[in-house]
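> My questions will all concern the structure given below.
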There are 4 protein chains.
Amino acid sequence: MTNCNKNTAILRIHCPDQQGIIARVTDFIWSKNGNIVALDQHANNVEKRFFMRVEWDMNGFTMDEETLPGAFQQEIGTPFQMEWKLNFSRKAPRMAVFVSRHAHCLYDLLARYRSNELAVEIPLIISNHNDMAPVAEQFGIDFHHIPVQGLNKKEQEEKQLALIRKYDIDFIVLARYMQILSADFIDHFPNKIINIHHSSLPAFAGAKPYHAAHARGVKIIGATSHYVTNDLDEGPIIEQDIIRVSHHDDVNSLVQKGKDIEKVVLARAVKAHIDRKTLVYKNRTVIFA
Amino acid sequence: MTNCNKNTAILRIHCPDQQGIIARVTDFIWSKNGNIVALDQHANNVEKRFFMRVEWDMNGFTMDEETLPGAFQQEIGTPFQMEWKLNFSRKAPRMAVFVSRHAHCLYDLLARYRSNELAVEIPLIISNHNDMAPVAEQFGIDFHHIPVQGLNKKEQEEKQLALIRKYDIDFIVLARYMQILSADFIDHFPNKIINIHHSSLPAFAGAKPYHAAHARGVKIIGATSHYVTNDLDEGPIIEQDIIRVSHHDDVNSLVQKGKDIEKVVLARAVKAHIDRKTLVYKNRTVIFA
Amino acid sequence: MTNCNKNTAILRIHCPDQQGIIARVTDFIWSKNGNIVALDQHANNVEKRFFMRVEWDMNGFTMDEETLPGAFQQEIGTPFQMEWKLNFSRKAPRMAVFVSRHAHCLYDLLARYRSNELAVEIPLIISNHNDMAPVAEQFGIDFHHIPVQGLNKKEQEEKQLALIRKYDIDFIVLARYMQILSADFIDHFPNKIINIHHSSLPAFAGAKPYHAAHARGVKIIGATSHYVTNDLDEGPIIEQDIIRVSHHDDVNSLVQKGKDIEKVVLARAVKAHIDRKTLVYKNRTVIFA
Amino acid sequence: MTNCNKNTAILRIHCPDQQGIIARVTDFIWSKNGNIVALDQHANNVEKRFFMRVEWDMNGFTMDEETLPGAFQQEIGTPFQMEWKLNFSRKAPRMAVFVSRHAHCLYDLLARYRSNELAVEIPLIISNHNDMAPVAEQFGIDFHHIPVQGLNKKEQEEKQLALIRKYDIDFIVLARYMQILSADFIDHFPNKIINIHHSSLPAFAGAKPYHAAHARGVKIIGATSHYVTNDLDEGPIIEQDIIRVSHHDDVNSLVQKGKDIEKVVLARAVKAHIDRKTLVYKNRTVIFA
């Protein structure tokens, strides 16, 4: 269960694999009296790349949050040619939801939010339709209707960006948002837009996957949650899962079973992102334990 | 997807297995111009028992709804020593939710209800705590707080029964209701109370299953939805499923993963019940396709 | 468990959906004193097509096996414009295995065969390599090495066909056979060649799916068993399943996990075929219960 | 895929959680020019216990295999109050299979062994029946028939122990061995006897689990592989999994589906043991990545 009150630092790093990384990083933390509460690492032996997530208690840590990044960069980051990211659990990330007309993912995320399953703030919902306005109201979250049609995408994305700045948003979840975002928009949020694709990618990429799945007579259908990049449906996969189907399922019942697996997969991906357990390298993810 | 507007009759039967049942039943329907839209049957060859669910379109059916039961009993039910139940899809069943303090199953059911995934009416929520009152209000459903403590169970169950009569309730879903119902109460609702047990029954029956599961070091945890009988946790199983866990999971994270599987399993069981796809015989269920 | 000694008739039919099919078919069987041991049917309400599998005991059946097909065609098949197939369980189908160099599917099928899990005869193994000869010998099954290289495919397929005739083979299982069969060859065996594709089709159709899956960073890998048609990897799907993977899995470990799911999926598909539970219509399968 | 030719050291440790463990252990390895190829650790924050598995290349390692244990104990083991185990991948463990009359697990293990999926030697099969003798012969493995009846268990276990010594066996796999081992026997092999229980423990512990599962009308059946301790079916769980079933499954078909999941679960557990990825602490396992 998410304890939003915990006070930890979360460091995610990757760098060329070499001797002594874990030792140096953990020494750095211990030397400042940091008590490590989680550590997971992975080495890719083919690409000789090292990945690590380490989380430690900031209570009693002897270096303050402002000094920490600079000190880490100098002592560890630079010598190991490291790319790294540092977050503090006390500052919950702020998430915007983009949605079109399907309620299932939105409801699931908001119910988890209200039940304190997710250590996140959700101040903003944006939609190109009005259908979900009552759901937003039900949960007391600001809802902005920004229709996207014909040639107004650029202009409407400006409005979206303004709202995202105004609400101080850290990352965006596309909870069945049926508009393709422009490359410009996506470039603002590298590995910070999470999509749910209603199919096991790369199968049935594109529109109407359940019709395609039914026509093909598949025995399983799946869902894929991934970070959005400029290659449509080709971004780094965070989570996937499937559900069994049979000849009894018509397109409608595939859609219904699809919804059930979509919302589960999206929720897991969003939770991994919120808990800072994801790391992207070369269009693939490492999902830390 | 549930089409609440469809106008079908749903007949569920069981009887000693013998020649000609399907033929006689389908002849009965066709002779009155009924177009069968679904038929599933099962024969238990050990117990020599026959089970069938048949659903047909009432548009154009030449016998009216009032005459139908008596005619069926006379022509088919009696000669085949049949037990049977007849429902009409136009009359959505009315469901009450009993809940204590956990929101996840309640939210999931209400979100599905509002998204028209369930062909049901939910006019009533009863709880022994007040925690879920805001959720009920959020979804605009009447909420009644009936605390159960010490020796007042009999008296409080009277209040529950009065509400159930008042709201004309057909069946009850225990969405993590942490009180044991009395035998008297249960006797009012044979195969009409659906529970979610937070474990794969019969493993870890009883309280604190996630603590027990953690102590045992299991690699999977599950959930079981079943009809409530007077044998605690021993009623007919409707649906079960599991999720994988590992040594990384502490009790809290087992609880969280458990919630995710509980709400999925309960939703599937409730949907099967609403769609009149369940049939109980000798403490086991047949779940029709 | 498979009872090879049972003496049943298995009838699979499909026809335009219309009133009275089940009644007429079951009447036909009962009128000849046939005791039905299994019946499963499915109606596709969009395409208005009806599918049924019915199995009955031939002990005490008053019509002999030779008269039966003609009588059925006249009384039922013709009036209902039915396509149908009749098999007798006493005659186990005869299966040939085509294999290249991977042992896992071959071993699994032969172990099941020797353990009487499959009601089949396996008199013949054909391979384009010699690697599996010891496995064939181990299980006492004739092994024929028919290398396929360059331009000799037509000639080698002639040899394969001659063996298939000689051994009186009913259907062929490609247990990781890495050669593409010619259209001519496939045309001899409509819905009688079962392939295992080492991926969840339609994802990663084609060669090296595990390399593709690893490059794409998938979180699940799957396997698909299908009947072989002239559209490569596009034939009717019989069974699919998946296994979870993670960033810990390199290509080799994906291959190993893939083998585990391949052999399970292929075995289920082969068993469904042997038990005459499959039916193909418009490039999709109905898999009867 | 298992590379039996690799030359690595595998160290598994557990000790009270404290600062600097990873750093000291990895420093120890690097100081002797050891290249780490895998490292996985886990800290139990409730019990304050630390677990780690580290594997490094012995090619170029500057300390010889004989000196290593003493040096490690002195420098690291003693100061950290560590329990640890050191293995070398070049020495494949030697495994004995105990089996009764069911072939499915035995076949699966032997097929994997012959296909080089398992980095193990299997020189010995012991059975209380003769049924599996032909399978042993088929795979060219010594088979000893040691019937256990009435009061001769002690005497027969002496014979088993003599064979285990003679064949220099490291660990035992009970591949559906239907005899209960004596406490004396088990005491010889702490965490070195792997059993497959044909049910999801703790559900249906005991005999005839499939009959019990059928009577209970379960919708899933499972299998559990665990180390054998003196508490029957209560030893540390290594792996579990399930398969879905329905009212269509009679006891025989539950048994068949059970076999399929049993052999998969046992194979995964055996592979984890062979790869030295298991660690037992307080009757639970840590399974390293």
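Chain labels A, B, ... are given in the sequence in which chains occur in the structure tokens; within each chain residues are numbered consecutively from 1, and ligands are likewise numbered from 1 in the order shown.
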Return as CSV the residues of chain B lying at most 8 Å from chain C, together with the closest atom-to-atom pair for each and the distance in Å to one decimal, counting only C-alpha atoms, with rows in chain order and ascending residue number.

```
residue,atom,partner,partner_atom,distance
B:Gln19,CA,C:Trp30,CA,6.7
B:Gly20,CA,C:Asp27,CA,6.9
B:Ile22,CA,C:Ala23,CA,6.4
B:Ala23,CA,C:Ala23,CA,3.8
B:Arg24,CA,C:Ala23,CA,7.3
B:Thr26,CA,C:Ala23,CA,7.0
B:Asp27,CA,C:Gly20,CA,6.9
B:Trp30,CA,C:Gln19,CA,6.7
B:Asn35,CA,C:Gln19,CA,7.7
B:Val37,CA,C:Asn45,CA,7.1
B:Ala38,CA,C:Ala43,CA,7.2
B:Leu39,CA,C:His42,CA,7.6
B:Asp40,CA,C:Gln41,CA,7.1
B:Gln41,CA,C:Asp40,CA,7.1
B:His42,CA,C:Leu39,CA,7.6
B:Ala43,CA,C:Ala38,CA,7.2
B:Asn45,CA,C:Val37,CA,7.1
```
> Give chain B as a short mmCIF file (atom, residue, chain, number, x, y, z; two decimals) with C-alpha atoms, in the first residue's frame once it has been least-squares superposed onto chain A over every C-alpha atom, paired in order.

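Contents of the output file superposed_35.cif:
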```
data_model
loop_
_atom_site.label_atom_id
_atom_site.label_comp_id
_atom_site.auth_asym_id
_atom_site.auth_seq_id
_atom_site.Cartn_x
_atom_site.Cartn_y
_atom_site.Cartn_z
CA MET B 1 -0.18 0.09 0.05
CA THR B 2 1.20 3.46 -0.75
CA ASN B 3 2.44 5.43 2.17
CA CYS B 4 2.38 8.99 0.91
CA ASN B 5 3.90 10.19 4.12
CA LYS B 6 7.15 8.39 3.75
CA ASN B 7 10.20 10.55 3.32
CA THR B 8 12.62 8.87 0.98
CA ALA B 9 14.95 9.75 -1.86
CA ILE B 10 14.73 7.67 -5.02
CA LEU B 11 17.71 7.57 -7.33
CA ARG B 12 17.61 5.91 -10.74
CA ILE B 13 20.80 5.58 -12.72
CA HIS B 14 22.25 3.96 -15.78
CA CYS B 15 25.80 3.98 -17.05
CA PRO B 16 28.36 1.76 -18.77
CA ASP B 17 28.76 -1.41 -16.72
CA GLN B 18 31.98 -1.36 -14.74
CA GLN B 19 33.39 -2.43 -11.43
CA GLY B 20 32.43 -0.74 -8.22
CA ILE B 21 29.25 1.12 -9.13
CA ILE B 22 27.03 -0.38 -6.45
CA ALA B 23 29.77 -0.05 -3.88
CA ARG B 24 30.40 3.62 -4.67
CA VAL B 25 26.73 4.56 -4.76
CA THR B 26 25.83 2.77 -1.55
CA ASP B 27 28.93 4.16 0.17
CA PHE B 28 27.85 7.64 -0.88
CA ILE B 29 24.47 7.11 0.76
CA TRP B 30 25.76 5.44 3.90
CA SER B 31 28.46 8.02 4.44
CA LYS B 32 25.64 10.56 4.88
CA ASN B 33 23.78 8.26 7.24
CA GLY B 34 21.17 7.18 4.69
CA ASN B 35 19.31 3.98 5.45
CA ILE B 36 18.63 2.11 2.21
CA VAL B 37 15.10 0.71 2.07
CA ALA B 38 15.15 -0.68 -1.46
CA LEU B 39 17.79 -1.45 -4.04
CA ASP B 40 17.38 -3.18 -7.36
CA GLN B 41 19.91 -3.33 -10.13
CA HIS B 42 20.21 -4.90 -13.51
CA ALA B 43 23.16 -5.35 -15.84
CA ASN B 44 22.66 -5.95 -19.54
CA ASN B 45 25.59 -8.19 -20.39
CA VAL B 46 25.17 -7.77 -24.13
CA GLU B 47 25.12 -3.99 -24.19
CA LYS B 48 27.37 -3.73 -21.10
CA ARG B 49 24.97 -1.28 -19.48
CA PHE B 50 24.23 -1.03 -15.78
CA PHE B 51 20.87 0.05 -14.27
CA MET B 52 20.01 0.70 -10.66
CA ARG B 53 17.25 2.09 -8.49
CA VAL B 54 18.04 2.81 -4.89
CA GLU B 55 15.69 4.32 -2.31
CA TRP B 56 16.75 5.53 1.10
CA ASP B 57 15.27 7.19 4.14
CA MET B 58 15.83 10.96 4.26
CA ASN B 59 15.11 11.11 7.98
CA GLY B 60 18.51 11.47 9.56
CA PHE B 61 20.25 11.90 6.21
CA THR B 62 22.98 14.41 6.84
CA MET B 63 23.08 16.13 3.46
CA ASP B 64 20.24 18.45 2.51
CA GLU B 65 18.12 18.00 -0.60
CA GLU B 66 19.57 21.01 -2.37
CA THR B 67 23.20 20.04 -1.96
CA LEU B 68 22.61 16.41 -2.83
CA PRO B 69 22.38 16.56 -6.65
CA GLY B 70 25.55 18.54 -7.15
CA ALA B 71 27.51 16.41 -4.71
CA PHE B 72 26.30 13.21 -6.35
CA GLN B 73 27.14 14.44 -9.83
CA GLN B 74 30.64 15.36 -8.81
CA GLU B 75 31.50 12.30 -6.74
CA ILE B 76 29.69 9.59 -8.73
CA GLY B 77 27.83 10.81 -11.79
CA THR B 78 30.77 12.27 -13.67
CA PRO B 79 33.38 9.57 -12.98
CA PHE B 80 30.94 6.80 -13.99
CA GLN B 81 29.49 8.68 -17.02
CA MET B 82 26.13 8.20 -15.41
CA GLU B 83 22.71 9.36 -16.44
CA TRP B 84 20.60 9.71 -13.33
CA LYS B 85 17.41 11.08 -11.88
CA LEU B 86 16.67 11.92 -8.27
CA ASN B 87 13.19 12.22 -6.73
CA PHE B 88 11.83 12.70 -3.26
CA SER B 89 8.79 10.73 -2.19
CA ARG B 90 7.41 13.62 -0.14
CA LYS B 91 6.70 15.46 -3.37
CA ALA B 92 4.00 13.37 -5.02
CA PRO B 93 4.10 13.76 -8.80
CA ARG B 94 1.23 15.68 -10.38
CA MET B 95 -0.65 13.82 -13.07
CA ALA B 96 -3.03 14.97 -15.79
CA VAL B 97 -5.47 12.57 -17.39
CA PHE B 98 -6.39 12.91 -21.05
CA VAL B 99 -9.53 10.98 -21.93
CA SER B 100 -12.04 10.81 -24.75
CA ARG B 101 -15.34 8.98 -24.27
CA HIS B 102 -14.54 5.68 -22.54
CA ALA B 103 -14.96 5.73 -18.77
CA HIS B 104 -13.37 2.47 -17.62
CA CYS B 105 -9.72 3.55 -17.31
CA LEU B 106 -10.63 6.96 -15.92
CA TYR B 107 -12.90 5.50 -13.25
CA ASP B 108 -10.29 2.95 -12.26
CA LEU B 109 -7.52 5.53 -11.88
CA LEU B 110 -9.68 7.97 -9.94
CA ALA B 111 -11.02 5.28 -7.63
CA ARG B 112 -7.45 4.20 -6.85
CA TYR B 113 -6.50 7.83 -6.32
CA ARG B 114 -9.33 8.42 -3.87
CA SER B 115 -8.54 5.15 -2.08
CA ASN B 116 -4.93 6.24 -1.58
CA GLU B 117 -3.57 3.43 -3.69
CA LEU B 118 -1.53 5.89 -5.76
CA ALA B 119 0.98 8.36 -4.29
CA VAL B 120 0.01 11.02 -6.77
CA GLU B 121 -1.92 14.27 -7.19
CA ILE B 122 -4.50 14.41 -9.98
CA PRO B 123 -5.61 18.03 -10.37
CA LEU B 124 -6.51 18.05 -14.08
CA ILE B 125 -8.54 16.12 -16.63
CA ILE B 126 -8.53 17.18 -20.28
CA SER B 127 -10.88 15.74 -22.90
CA ASN B 128 -11.75 16.32 -26.51
CA HIS B 129 -15.34 15.41 -25.60
CA ASN B 130 -17.74 16.38 -22.84
CA ASP B 131 -18.88 12.88 -21.90
CA MET B 132 -16.51 12.47 -18.98
CA ALA B 133 -17.28 15.84 -17.38
CA PRO B 134 -19.71 14.28 -14.87
CA VAL B 135 -17.11 11.73 -13.80
CA ALA B 136 -14.57 14.50 -13.20
CA GLU B 137 -17.16 16.43 -11.21
CA GLN B 138 -18.08 13.32 -9.25
CA PHE B 139 -14.46 13.07 -8.11
CA GLY B 140 -14.04 16.84 -7.69
CA ILE B 141 -11.33 17.26 -10.32
CA ASP B 142 -11.05 20.14 -12.77
CA PHE B 143 -12.22 19.18 -16.23
CA HIS B 144 -11.35 21.06 -19.40
CA HIS B 145 -13.07 20.37 -22.67
CA ILE B 146 -10.69 21.01 -25.54
CA PRO B 147 -12.23 19.65 -28.74
CA VAL B 148 -9.76 18.75 -31.46
CA GLN B 149 -11.08 18.85 -34.99
CA GLY B 150 -9.82 19.42 -38.45
CA LEU B 151 -6.98 21.88 -38.47
CA ASN B 152 -7.15 23.22 -34.93
CA LYS B 153 -4.83 20.66 -33.33
CA LYS B 154 -1.85 23.00 -33.00
CA GLU B 155 -3.97 25.70 -31.41
CA GLN B 156 -5.71 23.25 -29.04
CA GLU B 157 -2.41 21.74 -28.00
CA GLU B 158 -1.30 25.24 -27.03
CA LYS B 159 -4.27 25.38 -24.69
CA GLN B 160 -3.38 21.97 -23.31
CA LEU B 161 0.20 23.05 -22.71
CA ALA B 162 -0.96 26.20 -20.96
CA LEU B 163 -3.13 24.15 -18.63
CA ILE B 164 -0.32 21.71 -17.98
CA ARG B 165 1.92 24.59 -16.98
CA LYS B 166 -0.78 26.22 -14.90
CA TYR B 167 -1.49 23.01 -12.99
CA ASP B 168 2.22 22.26 -12.66
CA ILE B 169 1.79 18.79 -14.19
CA ASP B 170 4.65 16.27 -14.07
CA PHE B 171 3.27 13.58 -16.32
CA ILE B 172 0.27 12.74 -18.49
CA VAL B 173 -1.82 9.58 -18.68
CA LEU B 174 -3.78 8.93 -21.86
CA ALA B 175 -6.71 6.97 -20.43
CA ARG B 176 -8.14 6.05 -23.83
CA TYR B 177 -7.53 9.43 -25.45
CA MET B 178 -8.38 8.95 -29.09
CA GLN B 179 -6.34 11.78 -30.58
CA ILE B 180 -2.83 11.48 -31.95
CA LEU B 181 -0.55 13.97 -30.23
CA SER B 182 1.76 16.04 -32.37
CA ALA B 183 5.50 15.50 -32.33
CA ASP B 184 5.87 19.00 -30.91
CA PHE B 185 3.63 18.20 -28.01
CA ILE B 186 5.29 14.85 -27.31
CA ASP B 187 8.74 16.44 -27.35
CA HIS B 188 7.78 18.40 -24.24
CA PHE B 189 7.29 15.21 -22.26
CA PRO B 190 9.93 12.59 -22.95
CA ASN B 191 8.94 9.37 -21.15
CA LYS B 192 6.28 11.36 -19.36
CA ILE B 193 3.21 10.42 -21.36
CA ILE B 194 1.74 7.00 -20.65
CA ASN B 195 -0.67 5.43 -23.12
CA ILE B 196 -2.83 2.33 -22.97
CA HIS B 197 -3.11 0.52 -26.26
CA HIS B 198 -6.07 -1.79 -26.53
CA SER B 199 -4.12 -4.73 -27.92
CA SER B 200 -0.95 -6.69 -27.30
CA LEU B 201 1.46 -4.63 -29.31
CA PRO B 202 2.84 -5.20 -31.86
CA ALA B 203 -0.22 -7.27 -32.82
CA PHE B 204 -3.09 -5.24 -34.17
CA ALA B 205 -1.42 -1.89 -33.87
CA GLY B 206 -3.74 0.74 -35.22
CA ALA B 207 -7.44 1.40 -34.96
CA LYS B 208 -10.23 -1.13 -34.40
CA PRO B 209 -8.00 -3.83 -32.90
CA TYR B 210 -10.96 -5.78 -31.51
CA HIS B 211 -12.55 -6.02 -34.93
CA ALA B 212 -9.23 -7.21 -36.31
CA ALA B 213 -8.83 -9.68 -33.44
CA HIS B 214 -12.29 -11.08 -34.00
CA ALA B 215 -11.78 -11.44 -37.72
CA ARG B 216 -8.53 -13.27 -37.03
CA GLY B 217 -10.19 -15.61 -34.54
CA VAL B 218 -7.64 -15.08 -31.77
CA LYS B 219 -7.85 -17.01 -28.50
CA ILE B 220 -6.30 -14.27 -26.36
CA ILE B 221 -6.58 -10.50 -26.36
CA GLY B 222 -4.22 -8.18 -24.62
CA ALA B 223 -3.39 -4.65 -23.67
CA THR B 224 -0.13 -2.74 -23.70
CA SER B 225 0.83 0.34 -21.73
CA HIS B 226 3.78 2.27 -23.09
CA TYR B 227 5.48 5.63 -23.04
CA VAL B 228 4.47 7.77 -25.99
CA THR B 229 7.11 8.60 -28.57
CA ASN B 230 6.82 9.96 -32.05
CA ASP B 231 6.60 6.46 -33.46
CA LEU B 232 2.93 5.70 -33.04
CA ASP B 233 2.40 2.71 -30.73
CA GLU B 234 6.13 2.02 -30.82
CA GLY B 235 7.22 3.62 -27.55
CA PRO B 236 8.87 1.75 -24.67
CA ILE B 237 6.52 -0.88 -23.21
CA ILE B 238 5.86 -0.60 -19.47
CA GLU B 239 3.34 -3.38 -18.93
CA GLN B 240 1.32 -5.93 -20.90
CA ASP B 241 -1.17 -8.59 -20.09
CA ILE B 242 -3.81 -10.72 -21.76
CA ILE B 243 -7.15 -12.37 -21.15
CA ARG B 244 -8.44 -15.56 -22.78
CA VAL B 245 -11.30 -15.38 -25.25
CA SER B 246 -13.09 -17.92 -27.42
CA HIS B 247 -15.44 -18.35 -30.34
CA HIS B 248 -18.26 -17.39 -27.96
CA ASP B 249 -16.98 -13.81 -27.90
CA ASP B 250 -18.40 -11.44 -30.46
CA VAL B 251 -16.81 -8.05 -31.07
CA ASN B 252 -18.81 -6.47 -28.23
CA SER B 253 -17.73 -9.03 -25.71
CA LEU B 254 -14.12 -8.74 -26.90
CA VAL B 255 -14.42 -5.01 -26.29
CA GLN B 256 -15.76 -5.62 -22.78
CA LYS B 257 -13.02 -8.11 -21.90
CA GLY B 258 -10.55 -5.72 -23.46
CA LYS B 259 -11.70 -2.94 -21.14
CA ASP B 260 -11.10 -5.14 -18.14
CA ILE B 261 -7.55 -5.91 -19.14
CA GLU B 262 -6.85 -2.35 -20.34
CA LYS B 263 -7.64 -0.79 -17.00
CA VAL B 264 -5.56 -3.31 -15.07
CA VAL B 265 -2.55 -2.89 -17.34
CA LEU B 266 -2.76 0.89 -17.33
CA ALA B 267 -3.09 1.02 -13.54
CA ARG B 268 0.02 -1.14 -13.11
CA ALA B 269 1.99 1.01 -15.52
CA VAL B 270 0.89 4.25 -13.86
CA LYS B 271 1.76 2.90 -10.43
CA ALA B 272 5.22 1.84 -11.61
CA HIS B 273 5.75 5.34 -13.00
CA ILE B 274 4.50 7.06 -9.85
CA ASP B 275 6.70 4.89 -7.67
CA ARG B 276 9.64 5.81 -9.92
CA LYS B 277 10.27 2.19 -10.80
CA THR B 278 10.60 2.66 -14.55
CA LEU B 279 13.69 3.49 -16.53
CA VAL B 280 13.89 3.84 -20.29
CA TYR B 281 16.97 2.94 -22.29
CA LYS B 282 17.04 2.49 -26.06
CA ASN B 283 13.26 2.26 -26.40
CA ARG B 284 13.01 -0.49 -23.78
CA THR B 285 12.11 -0.25 -20.12
CA VAL B 286 13.70 -1.63 -17.02
CA ILE B 287 10.95 -2.06 -14.40
CA PHE B 288 12.57 -2.22 -10.99
CA ALA B 289 11.28 -4.48 -8.22
#
```
> Would you give me, as number ranges by chain, the residues in region 46-225 of chain A that DSSP reads as strand (DSSP E)?
A: 49-57, 83-88, 94-99, 121-127, 142-145, 171-174, 193-197, 220-225
> Enumerate as a ChimeraX atom specification all residues of region 40-286 of chain A assigned to helix (DSSP H, G or I) by DSSP on the backbone, naming them with the chain letters and numbers the document uses.
/A:67-77,104-114,133-138,153-166,183-187,209-216,251-274
